[in-house]
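Quick look at input.txt (compact mmCIF, C-alpha atoms):
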```txt
# COMPACT_ATOMS: atom_id res chain seq x y z
CA MET A 21 30.01 51.93 14.69
CA GLU A 22 29.16 55.50 15.67
CA PRO A 23 25.96 56.13 17.63
CA ARG A 24 24.14 57.88 14.84
CA ILE A 25 20.65 58.29 13.39
CA THR A 26 20.78 60.45 10.30
CA LEU A 27 17.26 60.14 8.96
CA VAL A 28 13.91 58.91 10.13
CA THR A 29 11.83 57.86 7.14
CA LEU A 30 8.07 57.50 7.46
CA GLY A 31 6.36 55.31 4.91
CA VAL A 32 3.21 57.08 3.73
CA ARG A 33 0.26 56.02 1.62
CA ASP A 34 -0.23 59.39 -0.06
CA LEU A 35 2.88 61.54 -0.31
CA ARG A 36 0.99 64.73 -1.21
CA ARG A 37 -1.29 64.33 1.79
CA ALA A 38 1.67 63.66 4.09
CA VAL A 39 3.56 66.70 2.83
CA GLU A 40 0.43 68.79 3.29
CA PHE A 41 0.26 67.62 6.91
CA TYR A 42 3.90 68.33 7.84
CA HIS A 43 4.53 71.34 5.63
CA GLY A 44 1.13 72.99 5.22
CA GLY A 45 -0.34 71.86 8.53
CA LEU A 46 2.53 71.86 11.01
CA GLY A 47 4.43 74.54 9.10
CA TRP A 48 7.72 72.65 8.81
CA PRO A 49 9.99 73.97 6.03
CA LEU A 50 10.37 71.57 3.13
CA SER A 51 13.98 71.14 2.00
CA SER A 52 14.83 71.93 -1.60
CA ALA A 53 16.30 68.42 -1.71
CA SER A 54 12.72 67.17 -1.94
CA THR A 55 11.28 65.87 -5.21
CA THR A 56 7.86 64.67 -6.32
CA GLU A 57 8.91 61.23 -5.08
CA VAL A 58 10.35 61.95 -1.64
CA ALA A 59 10.12 64.79 0.86
CA PHE A 60 12.81 65.92 3.31
CA PHE A 61 12.57 68.19 6.34
CA ARG A 62 15.48 69.49 8.40
CA THR A 63 15.03 69.09 12.12
CA SER A 64 17.56 69.52 14.91
CA GLY A 65 20.15 66.89 14.04
CA VAL A 66 18.05 64.35 12.21
CA VAL A 67 16.34 64.51 8.85
CA LEU A 68 12.68 63.58 8.59
CA ALA A 69 11.87 61.93 5.28
CA LEU A 70 8.50 60.96 3.82
CA TYR A 71 8.45 58.23 1.20
CA PRO A 72 5.76 55.97 -0.20
CA ARG A 73 5.29 53.07 2.16
CA ASP A 74 5.30 50.34 -0.50
CA LEU A 75 8.51 51.67 -2.04
CA LEU A 76 10.13 51.95 1.39
CA ALA A 77 9.29 48.34 2.20
CA ALA A 78 10.56 47.21 -1.20
CA ASP A 79 13.79 49.14 -0.69
CA ALA A 80 14.36 47.18 2.52
CA ASN A 81 13.45 43.85 0.86
CA LEU A 82 10.38 43.52 3.08
CA PRO A 83 6.75 42.77 2.24
CA ALA A 84 4.77 46.01 2.51
CA GLY A 85 1.92 44.48 4.50
CA GLY A 86 1.57 45.38 8.13
CA SER A 87 -1.04 46.44 10.60
CA GLY A 88 -1.43 47.64 14.14
CA PHE A 89 1.18 49.32 16.27
CA GLY A 90 4.49 49.59 14.43
CA GLY A 91 6.48 49.76 17.62
CA VAL A 92 8.09 53.16 16.99
CA THR A 93 7.24 56.57 18.41
CA LEU A 94 8.82 59.94 17.67
CA ALA A 95 8.99 62.62 20.34
CA HIS A 96 8.65 66.36 19.94
CA ASN A 97 9.86 67.95 23.16
CA VAL A 98 8.87 71.49 24.00
CA ALA A 99 9.82 74.04 26.65
CA SER A 100 6.56 74.36 28.59
CA LYS A 101 3.12 72.87 29.18
CA ALA A 102 1.60 75.69 27.16
CA GLU A 103 3.82 74.83 24.20
CA ALA A 104 2.78 71.20 24.49
CA ASP A 105 -0.90 72.17 24.39
CA ALA A 106 -0.25 74.46 21.42
CA ALA A 107 1.59 71.75 19.48
CA MET A 108 -1.17 69.21 20.13
CA ALA A 109 -3.76 71.74 18.95
CA ARG A 110 -1.74 72.58 15.85
CA ALA A 111 -1.39 68.91 14.94
CA SER A 112 -5.08 68.28 15.49
CA ALA A 113 -6.02 71.26 13.32
CA ALA A 114 -3.71 69.86 10.64
CA GLY A 115 -5.59 66.57 10.62
CA ALA A 116 -3.81 64.49 13.24
CA THR A 117 -5.71 62.09 15.47
CA THR A 118 -5.31 62.87 19.15
CA LEU A 119 -4.46 59.58 20.87
CA LYS A 120 -4.01 61.07 24.35
CA PRO A 121 -4.48 64.72 25.26
CA ALA A 122 -1.44 66.32 26.87
CA GLN A 123 -1.56 65.72 30.61
CA ASP A 124 0.62 65.42 33.69
CA VAL A 125 2.46 62.11 33.56
CA PHE A 126 4.06 59.82 36.13
CA TRP A 127 7.67 60.80 35.37
CA GLY A 128 7.03 64.41 36.32
CA GLY A 129 6.41 65.88 32.89
CA TYR A 130 3.43 66.76 30.75
CA ALA A 131 2.83 64.83 27.56
CA GLY A 132 0.31 63.78 24.94
CA TYR A 133 0.25 61.67 21.79
CA PHE A 134 -1.10 62.13 18.30
CA ALA A 135 -1.08 60.02 15.13
CA ASP A 136 -0.30 61.60 11.77
CA PRO A 137 -2.55 60.82 8.76
CA ASP A 138 -0.64 57.56 8.17
CA GLY A 139 -0.86 56.49 11.79
CA HIS A 140 2.74 57.36 12.73
CA VAL A 141 2.81 58.07 16.43
CA TRP A 142 4.19 61.29 17.90
CA GLU A 143 4.59 62.19 21.55
CA VAL A 144 4.54 65.88 22.45
CA ALA A 145 6.31 66.31 25.77
CA TRP A 146 7.51 68.84 28.26
CA ASN A 147 10.20 67.27 30.44
CA PRO A 148 11.37 69.48 33.32
CA HIS A 149 14.37 67.18 33.88
CA TRP A 150 15.72 67.63 30.34
CA PRO A 151 16.18 71.24 29.28
CA LEU A 152 16.37 71.83 25.54
CA ALA A 153 19.52 73.04 23.81
CA ALA A 154 19.43 76.20 21.69
CA ASP A 155 18.68 74.12 18.58
CA GLY A 156 15.78 72.38 20.30
CA SER A 157 17.56 69.10 20.89
CA ILE A 158 17.83 67.25 24.20
CA VAL A 159 21.29 67.03 25.72
CA LEU A 160 21.37 63.73 27.54
CA PRO A 161 23.88 63.11 30.32
CA GLU A 162 26.74 60.84 29.25
CA MET B 123 5.41 74.26 15.73
CA GLU B 124 9.17 73.86 15.35
CA PRO B 125 10.50 71.16 13.00
CA ARG B 126 11.88 68.93 15.71
CA ILE B 127 12.38 65.25 16.53
CA THR B 128 13.90 64.89 19.97
CA LEU B 129 13.71 61.16 20.54
CA VAL B 130 13.08 58.05 18.52
CA THR B 131 11.72 55.34 20.79
CA LEU B 132 11.83 51.72 19.71
CA GLY B 133 9.39 49.37 21.39
CA VAL B 134 11.23 46.18 22.29
CA ARG B 135 10.11 42.78 23.53
CA ASP B 136 13.14 42.18 25.75
CA LEU B 137 14.86 45.31 27.00
CA ARG B 138 18.01 43.48 28.16
CA ARG B 139 18.42 41.86 24.76
CA ALA B 140 17.88 45.17 22.99
CA VAL B 141 20.42 46.97 25.18
CA GLU B 142 22.88 44.13 24.59
CA PHE B 143 22.44 44.65 20.83
CA TYR B 144 22.92 48.43 20.76
CA HIS B 145 25.38 48.78 23.62
CA GLY B 146 27.25 45.49 23.71
CA GLY B 147 26.94 44.67 20.02
CA LEU B 148 27.09 47.98 18.18
CA GLY B 149 29.15 49.62 20.92
CA TRP B 150 26.91 52.64 21.44
CA PRO B 151 27.44 54.37 24.81
CA LEU B 152 24.51 54.00 27.18
CA SER B 153 23.49 57.27 28.84
CA SER B 154 23.50 57.40 32.63
CA ALA B 155 19.90 58.59 32.30
CA SER B 156 19.01 54.95 31.59
CA THR B 157 17.28 52.79 34.18
CA THR B 158 16.27 49.14 34.36
CA GLU B 159 13.03 50.20 32.66
CA VAL B 160 14.21 52.36 29.79
CA ALA B 161 17.50 52.84 27.93
CA PHE B 162 18.76 56.04 26.31
CA PHE B 163 21.56 56.58 23.82
CA ARG B 164 22.92 59.94 22.65
CA THR B 165 23.28 60.22 18.91
CA SER B 166 23.95 63.30 16.81
CA GLY B 167 20.95 65.48 17.58
CA VAL B 168 18.34 62.88 18.41
CA VAL B 169 18.05 60.53 21.35
CA LEU B 170 17.48 56.84 20.72
CA ALA B 171 15.34 55.26 23.41
CA LEU B 172 14.48 51.61 23.99
CA TYR B 173 11.32 50.85 25.93
CA PRO B 174 9.14 47.77 26.31
CA ARG B 175 6.80 47.61 23.36
CA ASP B 176 3.63 46.91 25.35
CA LEU B 177 4.30 49.81 27.71
CA LEU B 178 5.04 52.11 24.78
CA ALA B 179 1.76 51.22 23.10
CA ALA B 180 -0.12 51.68 26.37
CA ASP B 181 1.51 55.08 26.89
CA ALA B 182 0.15 56.15 23.51
CA ASN B 183 -3.31 54.71 24.24
CA LEU B 184 -2.90 52.15 21.48
CA PRO B 185 -3.40 48.37 21.45
CA ALA B 186 0.01 46.71 21.48
CA GLY B 187 -0.83 44.23 18.72
CA GLY B 188 0.78 44.70 15.36
CA SER B 189 2.56 42.73 12.70
CA GLY B 190 4.44 43.15 9.48
CA PHE B 191 6.21 46.26 8.27
CA GLY B 192 5.77 49.11 10.70
CA GLY B 193 6.34 51.72 8.04
CA VAL B 194 9.37 53.38 9.65
CA THR B 195 13.05 53.08 8.84
CA LEU B 196 16.04 54.69 10.54
CA ALA B 197 19.14 55.60 8.56
CA HIS B 198 22.75 55.42 9.64
CA ASN B 199 24.78 57.37 7.10
CA VAL B 200 28.51 56.82 6.83
CA ALA B 201 31.39 58.44 4.99
CA SER B 202 32.41 55.68 2.57
CA LYS B 203 31.42 52.36 1.05
CA ALA B 204 33.97 50.63 3.29
CA GLU B 205 32.35 52.13 6.37
CA ALA B 206 28.95 50.93 5.15
CA ASP B 207 30.27 47.39 4.75
CA ALA B 208 31.88 47.56 8.19
CA ALA B 209 28.68 48.79 9.85
CA MET B 210 26.60 46.06 8.19
CA ALA B 211 29.13 43.45 9.34
CA ARG B 212 29.16 44.83 12.87
CA ALA B 213 25.37 44.74 13.07
CA SER B 214 25.25 41.21 11.72
CA ALA B 215 27.84 40.06 14.24
CA ALA B 216 25.72 41.67 16.97
CA GLY B 217 22.70 39.61 15.95
CA ALA B 218 20.98 41.75 13.35
CA THR B 219 19.26 40.19 10.36
CA THR B 220 20.67 41.39 7.05
CA LEU B 221 17.70 42.36 4.88
CA LYS B 222 19.75 43.61 1.94
CA PRO B 223 23.54 43.57 1.72
CA ALA B 224 25.08 46.98 1.08
CA GLN B 225 25.21 47.60 -2.66
CA ASP B 226 25.27 50.34 -5.27
CA VAL B 227 21.81 51.91 -5.47
CA PHE B 228 19.88 53.85 -8.09
CA TRP B 229 20.32 57.27 -6.49
CA GLY B 230 24.09 57.07 -6.80
CA GLY B 231 24.94 55.87 -3.31
CA TYR B 232 25.73 52.58 -1.62
CA ALA B 233 23.29 51.19 0.92
CA GLY B 234 22.05 48.13 2.76
CA TYR B 235 19.39 47.30 5.32
CA PHE B 236 19.34 45.29 8.52
CA ALA B 237 16.68 44.52 11.13
CA ASP B 238 17.50 44.70 14.83
CA PRO B 239 16.43 41.82 17.13
CA ASP B 240 12.94 43.37 17.40
CA GLY B 241 12.58 43.81 13.64
CA HIS B 242 13.24 47.57 13.61
CA VAL B 243 14.62 48.44 10.21
CA TRP B 244 17.90 50.32 9.72
CA GLU B 245 19.41 51.50 6.47
CA VAL B 246 23.19 51.89 6.36
CA ALA B 247 24.05 54.33 3.60
CA TRP B 248 26.86 56.19 1.94
CA ASN B 249 25.44 59.15 0.03
CA PRO B 250 28.01 61.03 -2.05
CA HIS B 251 25.55 63.92 -2.50
CA TRP B 252 25.19 64.54 1.25
CA PRO B 253 28.47 65.00 3.08
CA LEU B 254 28.33 64.46 6.85
CA ALA B 255 28.85 67.27 9.34
CA ALA B 256 31.55 66.96 11.99
CA ASP B 257 29.02 65.45 14.41
CA GLY B 258 27.95 62.84 11.85
CA SER B 259 24.66 64.49 10.96
CA ILE B 260 23.46 65.32 7.46
CA VAL B 261 23.17 68.99 6.60
CA LEU B 262 20.25 69.21 4.18
CA PRO B 263 19.92 72.18 1.85
CA GLU B 264 17.21 74.62 2.94
```
As structure tokens:
Amino acid sequence: MEPRITLVTLGVRDLRRAVEFYHGGLGWPLSSASTTEVAFFRTSGVVLALYPRDLLAADANLPAGGSGFGGVTLAHNVASKAEADAAMARASAAGATTLKPAQDVFWGGYAGYFADPDGHVWEVAWNPHWPLAADGSIVLPE
Amino acid sequence: MEPRITLVTLGVRDLRRAVEFYHGGLGWPLSSASTTEVAFFRTSGVVLALYPRDLLAADANLPAGGSGFGGVTLAHNVASKAEADAAMARASAAGATTLKPAQDVFWGGYAGYFADPDGHVWEVAWNPHWPLAADGSIVLPE
């Protein structure tokens, strides 16, 4: 089984509001593969999808109920502390909740957290140990 | 703000068990960047990280409590129905819970779902409309 994540799908309570956050607010280009029922965004290597939460749960044969921390975070690495501050500010202006302002952290980087309008948790991080590739992805050592 | 997901971090209750599932069970190569406190896997474009759930919540300034559907799914796309069946079988043999056996689905593909030992939800999918790039990633239309 290949080590592979092809899409990350976020269950959302209001698809229009979620698209407005990622597309209108953060400025991420919406793929033409999107429909009125599902939204897709190209990112470096992995596709971000937005889909109604109840339909997503049903698709996985799971009850839709759930509360509290979902146990998953997504990271958005950037190339400098200034870029981290700018991304946190952009997200906040778009309606995100700042969970932790970007700050120096114990592993030597600079990072903050925000929650999108559905509570999905993003870390914005500058990591001096992990330079970014040209496409914005992290190249981990083998 | 660039459209970018650099890492997906799964909060886990037992890091050794989680590493055994992804590395020992699924056969995904563990990056040498891993330590006894965090595990990293290279996938096409995005890094999969495993980190203790309570520490992950604390890092994001969130209470660790939570139950039910977390609202996030990860997809593992493959190149054929046979590969989807094989991936579902491999995950099950590694200790995953099959949520939905791979089957023909309404959008014209073939897909199933499993939950990892911490309940994180994976979809295994063959999508005839989205061929895979050489590195296994999906190339979405713009």
Which residues, written as number ranges by chain, have at least one atom at most 9 Å from A:His96, with only C-alpha atoms counted and residues fewer than 5 positions away on the same chain left out?
-> A: 104, 107, 142-146; B: 124-129
What does chain B look like after a least-squares fit onto chain A on every Cα paired in order, written as a compact mmCIF listing (two decimals) with C-alpha atoms, in the coordinates of the input?
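Saved the output as selection_3.txt:
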```txt
# COMPACT_ATOMS: atom_id res chain seq x y z
CA MET B 123 30.02 51.92 14.70
CA GLU B 124 29.16 55.48 15.69
CA PRO B 125 25.95 56.12 17.64
CA ARG B 126 24.13 57.88 14.84
CA ILE B 127 20.64 58.29 13.39
CA THR B 128 20.77 60.46 10.30
CA LEU B 129 17.26 60.14 8.95
CA VAL B 130 13.91 58.91 10.13
CA THR B 131 11.83 57.87 7.14
CA LEU B 132 8.08 57.51 7.45
CA GLY B 133 6.36 55.32 4.90
CA VAL B 134 3.22 57.09 3.73
CA ARG B 135 0.25 56.02 1.63
CA ASP B 136 -0.23 59.40 -0.06
CA LEU B 137 2.88 61.54 -0.29
CA ARG B 138 0.97 64.73 -1.19
CA ARG B 139 -1.29 64.33 1.82
CA ALA B 140 1.67 63.66 4.09
CA VAL B 141 3.57 66.71 2.84
CA GLU B 142 0.42 68.80 3.28
CA PHE B 143 0.27 67.64 6.92
CA TYR B 144 3.90 68.34 7.85
CA HIS B 145 4.52 71.35 5.64
CA GLY B 146 1.13 72.98 5.23
CA GLY B 147 -0.34 71.87 8.54
CA LEU B 148 2.53 71.85 11.02
CA GLY B 149 4.43 74.54 9.11
CA TRP B 150 7.72 72.65 8.81
CA PRO B 151 9.98 73.98 6.03
CA LEU B 152 10.38 71.58 3.13
CA SER B 153 13.99 71.14 2.01
CA SER B 154 14.83 71.93 -1.60
CA ALA B 155 16.31 68.43 -1.71
CA SER B 156 12.71 67.17 -1.95
CA THR B 157 11.27 65.87 -5.20
CA THR B 158 7.85 64.68 -6.31
CA GLU B 159 8.91 61.24 -5.07
CA VAL B 160 10.35 61.94 -1.65
CA ALA B 161 10.12 64.81 0.85
CA PHE B 162 12.81 65.92 3.30
CA PHE B 163 12.58 68.18 6.33
CA ARG B 164 15.49 69.49 8.40
CA THR B 165 15.03 69.09 12.12
CA SER B 166 17.57 69.52 14.89
CA GLY B 167 20.16 66.89 14.04
CA VAL B 168 18.05 64.34 12.22
CA VAL B 169 16.34 64.50 8.85
CA LEU B 170 12.68 63.58 8.60
CA ALA B 171 11.87 61.93 5.29
CA LEU B 172 8.50 60.97 3.82
CA TYR B 173 8.46 58.23 1.21
CA PRO B 174 5.75 55.98 -0.20
CA ARG B 175 5.29 53.08 2.16
CA ASP B 176 5.31 50.34 -0.49
CA LEU B 177 8.52 51.67 -2.03
CA LEU B 178 10.13 51.95 1.39
CA ALA B 179 9.30 48.34 2.21
CA ALA B 180 10.56 47.20 -1.19
CA ASP B 181 13.80 49.13 -0.69
CA ALA B 182 14.36 47.18 2.52
CA ASN B 183 13.45 43.85 0.88
CA LEU B 184 10.39 43.52 3.08
CA PRO B 185 6.75 42.77 2.24
CA ALA B 186 4.77 46.00 2.51
CA GLY B 187 1.92 44.45 4.49
CA GLY B 188 1.58 45.37 8.12
CA SER B 189 -1.04 46.43 10.60
CA GLY B 190 -1.43 47.63 14.14
CA PHE B 191 1.19 49.32 16.27
CA GLY B 192 4.48 49.58 14.44
CA GLY B 193 6.47 49.76 17.63
CA VAL B 194 8.07 53.16 17.00
CA THR B 195 7.24 56.57 18.40
CA LEU B 196 8.82 59.94 17.66
CA ALA B 197 9.00 62.62 20.33
CA HIS B 198 8.65 66.36 19.94
CA ASN B 199 9.86 67.95 23.16
CA VAL B 200 8.88 71.50 24.00
CA ALA B 201 9.81 74.04 26.64
CA SER B 202 6.56 74.36 28.59
CA LYS B 203 3.13 72.86 29.19
CA ALA B 204 1.60 75.70 27.16
CA GLU B 205 3.81 74.85 24.20
CA ALA B 206 2.77 71.20 24.49
CA ASP B 207 -0.90 72.17 24.40
CA ALA B 208 -0.26 74.46 21.43
CA ALA B 209 1.59 71.75 19.49
CA MET B 210 -1.17 69.20 20.13
CA ALA B 211 -3.77 71.74 18.96
CA ARG B 212 -1.76 72.58 15.86
CA ALA B 213 -1.41 68.91 14.94
CA SER B 214 -5.10 68.29 15.49
CA ALA B 215 -6.02 71.26 13.32
CA ALA B 216 -3.71 69.85 10.63
CA GLY B 217 -5.60 66.56 10.62
CA ALA B 218 -3.81 64.49 13.23
CA THR B 219 -5.72 62.09 15.46
CA THR B 220 -5.32 62.87 19.15
CA LEU B 221 -4.46 59.59 20.88
CA LYS B 222 -4.01 61.07 24.35
CA PRO B 223 -4.49 64.72 25.26
CA ALA B 224 -1.45 66.32 26.86
CA GLN B 225 -1.56 65.72 30.61
CA ASP B 226 0.62 65.43 33.69
CA VAL B 227 2.48 62.11 33.55
CA PHE B 228 4.09 59.82 36.11
CA TRP B 229 7.68 60.80 35.35
CA GLY B 230 7.03 64.41 36.32
CA GLY B 231 6.42 65.87 32.88
CA TYR B 232 3.45 66.77 30.73
CA ALA B 233 2.82 64.82 27.54
CA GLY B 234 0.31 63.78 24.92
CA TYR B 235 0.26 61.66 21.79
CA PHE B 236 -1.09 62.13 18.29
CA ALA B 237 -1.07 60.02 15.13
CA ASP B 238 -0.29 61.59 11.77
CA PRO B 239 -2.55 60.82 8.76
CA ASP B 240 -0.62 57.57 8.17
CA GLY B 241 -0.86 56.48 11.80
CA HIS B 242 2.74 57.37 12.73
CA VAL B 243 2.80 58.07 16.43
CA TRP B 244 4.20 61.30 17.90
CA GLU B 245 4.58 62.19 21.55
CA VAL B 246 4.54 65.88 22.44
CA ALA B 247 6.31 66.32 25.76
CA TRP B 248 7.52 68.85 28.26
CA ASN B 249 10.20 67.26 30.44
CA PRO B 250 11.38 69.47 33.30
CA HIS B 251 14.37 67.17 33.87
CA TRP B 252 15.72 67.62 30.32
CA PRO B 253 16.17 71.23 29.28
CA LEU B 254 16.37 71.83 25.52
CA ALA B 255 19.52 73.04 23.80
CA ALA B 256 19.43 76.20 21.70
CA ASP B 257 18.68 74.12 18.59
CA GLY B 258 15.76 72.38 20.31
CA SER B 259 17.55 69.09 20.89
CA ILE B 260 17.83 67.26 24.19
CA VAL B 261 21.29 67.04 25.72
CA LEU B 262 21.35 63.71 27.54
CA PRO B 263 23.85 63.11 30.33
CA GLU B 264 26.72 60.84 29.27
```
Write out as a JSON list (two decimals) with C-alpha atoms, in the frame of the given file each polymer residue whose atoms come within 10 Å of stretch 120-127 of chain A, counting all atoms listed in the file; drop sequence neighbours fewer than 6 positions from it.
```json
[["chain", "number", "residue", "atom", "x", "y", "z"],
["A", 101, "LYS", "CA", 3.12, 72.87, 29.18],
["A", 102, "ALA", "CA", 1.60, 75.69, 27.16],
["A", 104, "ALA", "CA", 2.78, 71.20, 24.49],
["A", 105, "ASP", "CA", -0.90, 72.17, 24.39],
["A", 106, "ALA", "CA", -0.25, 74.46, 21.42],
["A", 107, "ALA", "CA", 1.59, 71.75, 19.48],
["A", 108, "MET", "CA", -1.17, 69.21, 20.13],
["A", 109, "ALA", "CA", -3.76, 71.74, 18.95],
["A", 133, "TYR", "CA", 0.25, 61.67, 21.79],
["A", 134, "PHE", "CA", -1.10, 62.13, 18.30],
["A", 135, "ALA", "CA", -1.08, 60.02, 15.13],
["A", 143, "GLU", "CA", 4.59, 62.19, 21.55],
["A", 144, "VAL", "CA", 4.54, 65.88, 22.45],
["A", 145, "ALA", "CA", 6.31, 66.31, 25.77],
["A", 146, "TRP", "CA", 7.51, 68.84, 28.26],
["A", 147, "ASN", "CA", 10.20, 67.27, 30.44],
["A", 148, "PRO", "CA", 11.37, 69.48, 33.32],
["A", 149, "HIS", "CA", 14.37, 67.18, 33.88],
["B", 181, "ASP", "CA", 1.51, 55.08, 26.89],
["B", 182, "ALA", "CA", 0.15, 56.15, 23.51],
["B", 183, "ASN", "CA", -3.31, 54.71, 24.24],
["B", 184, "LEU", "CA", -2.90, 52.15, 21.48]]
```
When the cut-off is 7 Å and we count only C-alpha atoms, which residues of chain B are near chain A, given as an MDAnalysis selection string?
-> chainID B and resid 123:133 148:150 153:155 164:168 175 182:183 185:199 209 221:222 235 258:260 262:264
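Separating atom CA of B:Gly146 from atom CA of B:Val160 is a distance of 15.9 Å.
The gap separating atom CA of B:Arg138 from atom CA of B:Thr158 is 8.6 Å, in Å to one decimal.
Nearest-residue note for A:Ala113: choosing from A:Pro151, A:Glu57, A:Ser100, A:Phe41, the minimum distance belongs to A:Phe41, counting all atoms listed in the file.
Here atom CA of B:Pro239 stands at a distance of 5.9 Å from atom CA of B:Ala218.
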Go ahead and fit an axis-aligned box to every listed atom of stretch 63-69 of chain A plus 5 Å each side, and pass me the centre and edge lengths in Å, one decimal, as AutoDock Vina command-line options.
```
--center_x 16.0 --center_y 65.7 --center_z 10.1 --size_x 18.3 --size_y 17.6 --size_z 19.6
```
